[in-house]
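Okay, so here's the structure we're looking at.
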There are 2 protein chains.
Amino acid sequence: MTFPWPAPGTPIDAIPTPMPVIDEDRMEANIARAQAYMDRNGLKFRPHIKTHKLASVAGAQIKAGATGLNCQKLTEAEAFADAGFDDILITYNLLGSDRVVRLKALNDRVAGLRVVADSVATVQGLAASFTKDRPLTVLVECDTGGGRVGVQTPEAALDLARQIADAPGLRFGGLLTYPAPGGAVRVEAFLSAALALLAGADIPCPVRSNGGTPDIWRAHLVPSATEHRAGTYVYNDRAMLRAGACGPGDLAMQVLATVVSRPTPARAVLDSGSKALTSDLLGFSDYGLIEALPGARITSLSEEHAVVDLSACTGPLPQVGDRVAIIPNHTCVVSNLFDRMVFHRQGRVTRVEPLIARGTVW
Amino acid sequence: MTFPWPAPGTPIDAIPTPMPVIDEDRMEANIARAQAYMDRNGLKFRPHIKTHKLASVAGAQIKAGATGLNCQKLTEAEAFADAGFDDILITYNLLGSDRVVRLKALNDRVAGLRVVADSVATVQGLAASFTKDRPLTVLVECDTGGGRVGVQTPEAALDLARQIADAPGLRFGGLLTYPAPGGAVRVEAFLSAALALLAGADIPCPVRSNGGTPDIWRAHLVPSATEHRAGTYVYNDRAMLRAGACGPGDLAMQVLATVVSRPTPARAVLDSGSKALTSDLLGFSDYGLIEALPGARITSLSEEHAVVDLSACTGPLPQVGDRVAIIPNHTCVVSNLFDRMVFHRQGRVTRVEPLIARGTVW
């Protein structure tokens, strides 16, 4: 069977649902706005491709002035290297012989490849595999309050930086963090303290990489940082709207859905289930925002159904066969479910692009 | 780039992570046990392929005695028709000209194709497109307490059945429901009442299809049903274990993951994020069960990281580089994220099979 992907010019009101669509005008504005802000504040910008996994969008981000790409896993980095990108930072602890073998092959063909580490075990694994004729650049990942990975103190960052610097096959590339939202003060405190320790040890620290779309417009509040990484900003989503990182006019992704049932006066059921929207709540109590239906709440998802509570709706209610547009809670995980992305301008399909490295394997 | 899928014989302890793996012995036992129960109780059994999306597993289910397949969307039905299956029930309201055109093409080549409807709008859309030379069989979907789709009363079921029966291009195939867990009494009450109304109207109702893995072993408590549908039973998951629908020895899917960071004494971070486990909670407060680490809780997921709280753990704690096996909350959505499924027996890879109709489009 061949799925009827829409031809250019097709009105998005007429394409199969459920389907995410990207407003190219909004996406381009998001790319330009973020790059202009970074340029204005003397920060290098490294977009994270996890959000789109598309060569054309990465190309547009680089063309706008981005310094390179951020990937989260090897398959992503391999795919974007295949697509010709040569400055790639993989913000992940790469462990295990199978991954290190692939990383070595990638380092042989990508001039600007870098990775991160937050433990002696990770550094030792890398140090055992890389040699000084083709060294690997490693940044130390720091936990500045995000509570995920990363060394816990500036002293621990110095210790790990020293181990990297002392390994013949490795180069210490700098410090990196993915902070908690609103964490600028803690990030600056950690980075400046670690920088002082590194300076005292005569260990150069060329890169200090901060990240996140929630705080993208506060990146300048971290003067010790040299670059910022962000992924979601390119499309934006309901969580970024709540965070104040974008306005309603900056939401480039909508998930188009069809009302497939109206079992009761207060209930509508859409064809956009958890296999289209994902179950990501990100602190919300429902599974997406239906802009055109004030008061409507997507209260539950099954795999191919979304149950919408209309009891608080004002205005006309949707009927079976009507179409709605949903702002997803989290855009990055929606992209990951679809093999291709549909783009449009003013509601007419411009192109359909296959994702590369859609996140099925590591 | 080519991903290093494991060769047969490879120990699953040595394959790339994060990766779901299926224990073939457990899967085969699950298939045989469910079919034997249905046979014993005189119920036809219709496995839902949404859980595995694999031709070989569907074939094993049919070989064991299943009457046909259950699909949830057109791409699934098209793919399994391409794979040679000729008895397919699509349990979905199919609306819109693009879907109906594809449904018509499918009905021309699949002898035993059936769909469901719960509204006049859906029936009218189908009636306008099918003709008596190649009629479409339509079942009425009934809401017996599941609170998703379906007509709300036996009287409404009769009305819709009459409209289907009166349409030259349609055939009334029977009644169908996806009940709330523990809903056997309500299902039987609804079906028996609707059957009485249909009998009074001289409308034959050959099929009464009940469904769900949570109540699979209570299917015999619905004497009016002629068939049962279930998907999750083939692999089972943490939610089915909680529901009492399976035991620990019936859990055929594990998601293998690697500890990539131990930032604090009480925190481990795994490489199985929401792009491997999905964010489905299904009422749990964490994102999967690590059988080998009693007390460990997967408290948060980001796309490629799972944060594990070890503070309540008894026994040895995992270190960076250690591997763990996770029982996912919901197996069906995990399968949907991976292009291929890895099977094993006693921990050695037996085969790697591509999914057909992995759920990216409708």
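Each chain in the structure tokens gets a letter, A, B, ..., in the order shown, and its residues are numbered from 1; ligands are numbered from 1 in order too.
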Please, which residues in chain B fall within 7 Å of chain A when counting only C-alpha atoms, and what is the closest atom pair and distance in Å to one decimal for each, ordered by chain then residue number, as CSV?
residue,atom,partner,partner_atom,distance
B:Met1,CA,A:Glu78,CA,5.9
B:Thr17,CA,A:Trp362,CA,6.8
B:Pro18,CA,A:Trp362,CA,6.8
B:Glu78,CA,A:Met1,CA,5.9
B:Ala79,CA,A:Met1,CA,6.4
B:Asn93,CA,A:Val260,CA,6.0
B:Leu95,CA,A:Gly321,CA,6.5
B:Gly96,CA,A:Gly321,CA,6.9
B:Ala121,CA,A:Val320,CA,6.6
B:Arg148,CA,A:Val307,CA,6.5
B:Val149,CA,A:Pro263,CA,5.8
B:Gly150,CA,A:Pro263,CA,6.0
B:Val151,CA,A:Pro263,CA,6.1
B:Gln152,CA,A:Pro263,CA,6.7
B:Val260,CA,A:Asn93,CA,6.1
B:Ser261,CA,A:Val149,CA,6.2
B:Pro263,CA,A:Val149,CA,5.8
B:Val269,CA,A:Val149,CA,6.9
B:Lys275,CA,A:Gly359,CA,6.6
B:Ser279,CA,A:Ser279,CA,5.2
B:Asp280,CA,A:Ser279,CA,5.5
B:Val307,CA,A:Arg148,CA,6.5
B:Val320,CA,A:Ala121,CA,6.6
B:Gly321,CA,A:Leu95,CA,6.5
B:Leu337,CA,A:Thr360,CA,5.5
B:Phe338,CA,A:Thr360,CA,4.7
B:Asp339,CA,A:Thr360,CA,6.5
B:Gly359,CA,A:Lys275,CA,6.7
B:Thr360,CA,A:Phe338,CA,4.7
B:Val361,CA,A:Phe338,CA,6.9
B:Trp362,CA,A:Pro18,CA,6.8
Print the selection's residues with C-alpha atoms to a file, as an mmCIF file, in the first residue's frame.
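Result saved to result.cif:
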data_model
loop_
_atom_site.group_PDB
_atom_site.id
_atom_site.type_symbol
_atom_site.label_atom_id
_atom_site.label_comp_id
_atom_site.auth_asym_id
_atom_site.auth_seq_id
_atom_site.Cartn_x
_atom_site.Cartn_y
_atom_site.Cartn_z
ATOM 1 C CA MET B 1 24.630 4.719 8.305
ATOM 2 C CA THR B 17 20.221 -0.426 23.857
ATOM 3 C CA PRO B 18 17.592 0.894 24.314
ATOM 4 C CA GLU B 78 -3.712 -2.403 3.914
ATOM 5 C CA ALA B 79 -0.369 -3.756 5.114
ATOM 6 C CA ASN B 93 -15.287 4.965 12.156
ATOM 7 C CA LEU B 95 -14.758 9.039 7.510
ATOM 8 C CA GLY B 96 -13.697 11.295 4.693
ATOM 9 C CA ALA B 121 -22.742 10.480 9.385
ATOM 10 C CA ARG B 148 -14.812 6.342 24.150
ATOM 11 C CA VAL B 149 -16.835 5.863 20.955
ATOM 12 C CA GLY B 150 -20.077 3.967 20.327
ATOM 13 C CA VAL B 151 -23.827 4.427 20.353
ATOM 14 C CA GLN B 152 -25.117 5.038 23.854
ATOM 15 C CA VAL B 260 24.619 5.922 31.233
ATOM 16 C CA SER B 261 25.087 8.033 34.360
ATOM 17 C CA PRO B 263 25.230 11.484 39.015
ATOM 18 C CA VAL B 269 20.055 7.549 34.401
ATOM 19 C CA LYS B 275 11.388 7.813 22.571
ATOM 20 C CA SER B 279 5.241 8.538 28.343
ATOM 21 C CA ASP B 280 2.253 6.239 28.849
ATOM 22 C CA VAL B 307 15.872 9.134 35.554
ATOM 23 C CA VAL B 320 27.582 3.167 34.830
ATOM 24 C CA GLY B 321 27.632 0.721 31.941
ATOM 25 C CA LEU B 337 8.433 3.357 18.083
ATOM 26 C CA PHE B 338 10.695 0.720 16.568
ATOM 27 C CA ASP B 339 11.060 -0.217 12.902
ATOM 28 C CA GLY B 359 1.901 3.419 13.190
ATOM 29 C CA THR B 360 3.156 6.618 11.687
ATOM 30 C CA VAL B 361 0.270 7.458 9.380
ATOM 31 C CA TRP B 362 -3.366 6.608 9.154
#
Picked from stretch 262-314 of chain A by DSSP as strand (DSSP E), as a PyMOL selection string: chain A and resi 262-264+267-270+289-290+297-301+306-309
Selection file, C-alpha atoms, as an mmCIF file, in the first residue's frame:
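Contents of the output file out_39.cif:
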data_model
loop_
_atom_site.group_PDB
_atom_site.id
_atom_site.type_symbol
_atom_site.label_atom_id
_atom_site.label_comp_id
_atom_site.auth_asym_id
_atom_site.auth_seq_id
_atom_site.Cartn_x
_atom_site.Cartn_y
_atom_site.Cartn_z
ATOM 1 C CA ARG A 262 -19.814 12.505 18.864
ATOM 2 C CA PRO A 263 -21.150 9.799 21.185
ATOM 3 C CA THR A 264 -22.658 12.261 23.657
ATOM 4 C CA ARG A 267 -17.967 14.268 24.102
ATOM 5 C CA ALA A 268 -16.099 14.388 20.818
ATOM 6 C CA VAL A 269 -13.564 11.789 19.732
ATOM 7 C CA LEU A 270 -10.693 12.632 17.391
ATOM 8 C CA LEU A 289 -4.627 22.611 22.887
ATOM 9 C CA ILE A 290 -7.457 22.981 20.388
ATOM 10 C CA ARG A 297 -10.111 19.540 26.879
ATOM 11 C CA ILE A 298 -8.441 16.421 25.439
ATOM 12 C CA THR A 299 -8.995 14.386 28.586
ATOM 13 C CA SER A 300 -7.745 10.969 27.496
ATOM 14 C CA LEU A 301 -5.879 9.273 24.696
ATOM 15 C CA ALA A 306 -8.504 11.279 21.567
ATOM 16 C CA VAL A 307 -11.490 11.870 23.843
ATOM 17 C CA VAL A 308 -12.436 15.558 24.056
ATOM 18 C CA ASP A 309 -14.616 16.988 26.823
#
Point-to-point distance from atom CA of B:Asn329 to atom CA of B:Tyr287, Å rounded to tenths: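 Value for the atom CA of B:Asn329-atom CA of B:Tyr287 distance: 6.4 Å.
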Those in stretch 92-151 of chain A with helix (DSSP H, G or I) from DSSP, as a VMD selection string: chain A and resid 97 to 109 120 to 127
Put those residues in a file: N, CA, C and O atoms, as a PDB file, in the first residue's frame.
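Saved as again_30.pdb:
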ATOM      1  N   SER A  97      31.060  -0.911  23.844  1.00  0.00           N
ATOM      2  CA  SER A  97      31.959  -1.074  22.705  1.00  0.00           C
ATOM      3  C   SER A  97      31.253  -0.811  21.394  1.00  0.00           C
ATOM      4  O   SER A  97      31.822  -0.194  20.487  1.00  0.00           O
ATOM      5  N   ASP A  98      29.969  -1.229  21.263  1.00  0.00           N
ATOM      6  CA  ASP A  98      29.310  -1.055  19.958  1.00  0.00           C
ATOM      7  C   ASP A  98      29.157   0.433  19.637  1.00  0.00           C
ATOM      8  O   ASP A  98      29.382   0.874  18.514  1.00  0.00           O
ATOM      9  N   ARG A  99      28.835   1.236  20.665  1.00  0.00           N
ATOM     10  CA  ARG A  99      28.680   2.668  20.404  1.00  0.00           C
ATOM     11  C   ARG A  99      30.022   3.337  20.151  1.00  0.00           C
ATOM     12  O   ARG A  99      30.151   4.196  19.277  1.00  0.00           O
ATOM     13  N   VAL A 100      31.035   2.923  20.913  1.00  0.00           N
ATOM     14  CA  VAL A 100      32.341   3.580  20.767  1.00  0.00           C
ATOM     15  C   VAL A 100      32.954   3.265  19.403  1.00  0.00           C
ATOM     16  O   VAL A 100      33.560   4.134  18.770  1.00  0.00           O
ATOM     17  N   VAL A 101      32.747   2.041  18.925  1.00  0.00           N
ATOM     18  CA  VAL A 101      33.241   1.686  17.582  1.00  0.00           C
ATOM     19  C   VAL A 101      32.591   2.585  16.534  1.00  0.00           C
ATOM     20  O   VAL A 101      33.259   3.128  15.643  1.00  0.00           O
ATOM     21  N   ARG A 102      31.289   2.785  16.644  1.00  0.00           N
ATOM     22  CA  ARG A 102      30.587   3.638  15.668  1.00  0.00           C
ATOM     23  C   ARG A 102      31.032   5.098  15.835  1.00  0.00           C
ATOM     24  O   ARG A 102      31.176   5.830  14.855  1.00  0.00           O
ATOM     25  N   LEU A 103      31.247   5.514  17.093  1.00  0.00           N
ATOM     26  CA  LEU A 103      31.686   6.889  17.339  1.00  0.00           C
ATOM     27  C   LEU A 103      33.061   7.136  16.712  1.00  0.00           C
ATOM     28  O   LEU A 103      33.316   8.196  16.134  1.00  0.00           O
ATOM     29  N   LYS A 104      33.927   6.126  16.790  1.00  0.00           N
ATOM     30  CA  LYS A 104      35.281   6.252  16.214  1.00  0.00           C
ATOM     31  C   LYS A 104      35.177   6.428  14.693  1.00  0.00           C
ATOM     32  O   LYS A 104      35.839   7.287  14.109  1.00  0.00           O
ATOM     33  N   ALA A 105      34.320   5.630  14.078  1.00  0.00           N
ATOM     34  CA  ALA A 105      34.130   5.759  12.619  1.00  0.00           C
ATOM     35  C   ALA A 105      33.584   7.144  12.278  1.00  0.00           C
ATOM     36  O   ALA A 105      33.990   7.762  11.283  1.00  0.00           O
ATOM     37  N   LEU A 106      32.712   7.650  13.116  1.00  0.00           N
ATOM     38  CA  LEU A 106      32.132   8.975  12.871  1.00  0.00           C
ATOM     39  C   LEU A 106      33.196  10.058  13.037  1.00  0.00           C
ATOM     40  O   LEU A 106      33.268  11.006  12.246  1.00  0.00           O
ATOM     41  N   ASN A 107      34.047   9.897  14.056  1.00  0.00           N
ATOM     42  CA  ASN A 107      35.094  10.892  14.313  1.00  0.00           C
ATOM     43  C   ASN A 107      36.114  10.945  13.173  1.00  0.00           C
ATOM     44  O   ASN A 107      36.746  11.976  12.944  1.00  0.00           O
ATOM     45  N   ASP A 108      36.242   9.817  12.460  1.00  0.00           N
ATOM     46  CA  ASP A 108      37.182   9.783  11.326  1.00  0.00           C
ATOM     47  C   ASP A 108      36.666  10.597  10.143  1.00  0.00           C
ATOM     48  O   ASP A 108      37.449  10.997   9.280  1.00  0.00           O
ATOM     49  N   ARG A 109      35.355  10.851  10.091  1.00  0.00           N
ATOM     50  CA  ARG A 109      34.839  11.547   8.903  1.00  0.00           C
ATOM     51  C   ARG A 109      34.172  12.876   9.212  1.00  0.00           C
ATOM     52  O   ARG A 109      33.830  13.621   8.294  1.00  0.00           O
ATOM     53  N   VAL A 120      33.940   9.058  35.205  1.00  0.00           N
ATOM     54  CA  VAL A 120      35.235   8.441  34.923  1.00  0.00           C
ATOM     55  C   VAL A 120      35.030   7.237  34.002  1.00  0.00           C
ATOM     56  O   VAL A 120      35.808   7.019  33.066  1.00  0.00           O
ATOM     57  N   ALA A 121      33.963   6.486  34.239  1.00  0.00           N
ATOM     58  CA  ALA A 121      33.719   5.292  33.416  1.00  0.00           C
ATOM     59  C   ALA A 121      33.578   5.669  31.945  1.00  0.00           C
ATOM     60  O   ALA A 121      34.151   5.021  31.066  1.00  0.00           O
ATOM     61  N   THR A 122      32.819   6.733  31.671  1.00  0.00           N
ATOM     62  CA  THR A 122      32.643   7.151  30.278  1.00  0.00           C
ATOM     63  C   THR A 122      33.954   7.629  29.687  1.00  0.00           C
ATOM     64  O   THR A 122      34.326   7.248  28.568  1.00  0.00           O
ATOM     65  N   VAL A 123      34.704   8.430  30.445  1.00  0.00           N
ATOM     66  CA  VAL A 123      35.975   8.952  29.942  1.00  0.00           C
ATOM     67  C   VAL A 123      36.955   7.810  29.689  1.00  0.00           C
ATOM     68  O   VAL A 123      37.620   7.769  28.640  1.00  0.00           O
ATOM     69  N   GLN A 124      37.009   6.845  30.609  1.00  0.00           N
ATOM     70  CA  GLN A 124      37.932   5.718  30.416  1.00  0.00           C
ATOM     71  C   GLN A 124      37.564   4.906  29.183  1.00  0.00           C
ATOM     72  O   GLN A 124      38.436   4.470  28.429  1.00  0.00           O
ATOM     73  N   GLY A 125      36.266   4.704  28.949  1.00  0.00           N
ATOM     74  CA  GLY A 125      35.823   3.970  27.768  1.00  0.00           C
ATOM     75  C   GLY A 125      36.257   4.660  26.490  1.00  0.00           C
ATOM     76  O   GLY A 125      36.716   4.019  25.538  1.00  0.00           O
ATOM     77  N   LEU A 126      36.145   6.001  26.470  1.00  0.00           N
ATOM     78  CA  LEU A 126      36.552   6.763  25.286  1.00  0.00           C
ATOM     79  C   LEU A 126      38.068   6.783  25.169  1.00  0.00           C
ATOM     80  O   LEU A 126      38.630   6.590  24.090  1.00  0.00           O
ATOM     81  N   ALA A 127      38.748   6.985  26.307  1.00  0.00           N
ATOM     82  CA  ALA A 127      40.216   7.089  26.295  1.00  0.00           C
ATOM     83  C   ALA A 127      40.855   5.803  25.778  1.00  0.00           C
ATOM     84  O   ALA A 127      41.894   5.846  25.109  1.00  0.00           O
TER      85      ALA A 127
END
For atom CA of A:Asp202 and atom CA of A:Phe172, quote the distance in Å rounded to one decimal.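 According to the coordinates, atom CA of A:Asp202 and atom CA of A:Phe172 are separated by 12.1 Å.
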Test item: residues at most 9 Å from A:Cys246, only C-alpha atoms, excluding those fewer than 2 positions along its chain, as a list in words: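 Non-adjacent residues within range: Asn30, Pro214, Tyr233, Asn236, Asp237, Met240, Leu241, Arg242, Ala243, Gly244, Pro248, Gly249, Asp250 and Leu251 of chain A.
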Go ahead and write the selection's residues with N, CA and C atoms as a PDB file, in the first residue's frame.
ATOM      1  N   ASN A  30      10.938  31.761  13.428  1.00  0.00           N
ATOM      2  CA  ASN A  30      11.514  31.246  14.679  1.00  0.00           C
ATOM      3  C   ASN A  30      13.032  31.082  14.558  1.00  0.00           C
ATOM      4  N   PRO A 214      13.164  26.669  26.865  1.00  0.00           N
ATOM      5  CA  PRO A 214      12.406  27.452  27.860  1.00  0.00           C
ATOM      6  C   PRO A 214      13.121  28.750  28.261  1.00  0.00           C
ATOM      7  N   TYR A 233      12.532  25.409  19.895  1.00  0.00           N
ATOM      8  CA  TYR A 233      12.249  26.770  19.408  1.00  0.00           C
ATOM      9  C   TYR A 233      11.877  26.791  17.924  1.00  0.00           C
ATOM     10  N   ASN A 236       8.213  25.227  18.234  1.00  0.00           N
ATOM     11  CA  ASN A 236       7.497  25.616  19.445  1.00  0.00           C
ATOM     12  C   ASN A 236       6.290  24.721  19.699  1.00  0.00           C
ATOM     13  N   ASP A 237       5.766  24.782  20.908  1.00  0.00           N
ATOM     14  CA  ASP A 237       4.634  23.938  21.281  1.00  0.00           C
ATOM     15  C   ASP A 237       3.928  24.541  22.495  1.00  0.00           C
ATOM     16  N   MET A 240       6.111  25.473  25.457  1.00  0.00           N
ATOM     17  CA  MET A 240       6.910  26.691  25.265  1.00  0.00           C
ATOM     18  C   MET A 240       6.028  27.936  25.380  1.00  0.00           C
ATOM     19  N   LEU A 241       4.767  27.804  24.939  1.00  0.00           N
ATOM     20  CA  LEU A 241       3.824  28.915  25.083  1.00  0.00           C
ATOM     21  C   LEU A 241       3.607  29.209  26.574  1.00  0.00           C
ATOM     22  N   ARG A 242       3.419  28.140  27.359  1.00  0.00           N
ATOM     23  CA  ARG A 242       3.229  28.287  28.810  1.00  0.00           C
ATOM     24  C   ARG A 242       4.472  28.887  29.461  1.00  0.00           C
ATOM     25  N   ALA A 243       5.647  28.493  28.960  1.00  0.00           N
ATOM     26  CA  ALA A 243       6.911  28.971  29.542  1.00  0.00           C
ATOM     27  C   ALA A 243       7.209  30.417  29.155  1.00  0.00           C
ATOM     28  N   GLY A 244       6.409  30.960  28.245  1.00  0.00           N
ATOM     29  CA  GLY A 244       6.677  32.314  27.779  1.00  0.00           C
ATOM     30  C   GLY A 244       7.811  32.378  26.767  1.00  0.00           C
ATOM     31  N   PRO A 248       1.540  32.875  20.632  1.00  0.00           N
ATOM     32  CA  PRO A 248       0.660  32.038  19.793  1.00  0.00           C
ATOM     33  C   PRO A 248       1.036  32.095  18.310  1.00  0.00           C
ATOM     34  N   GLY A 249       1.557  33.234  17.871  1.00  0.00           N
ATOM     35  CA  GLY A 249       1.922  33.383  16.466  1.00  0.00           C
ATOM     36  C   GLY A 249       3.228  32.699  16.086  1.00  0.00           C
ATOM     37  N   ASP A 250       3.905  32.131  17.080  1.00  0.00           N
ATOM     38  CA  ASP A 250       5.178  31.447  16.824  1.00  0.00           C
ATOM     39  C   ASP A 250       5.021  29.923  16.810  1.00  0.00           C
ATOM     40  N   LEU A 251       3.799  29.451  16.972  1.00  0.00           N
ATOM     41  CA  LEU A 251       3.553  28.004  17.008  1.00  0.00           C
ATOM     42  C   LEU A 251       3.521  27.477  15.583  1.00  0.00           C
TER      43      LEU A 251
END
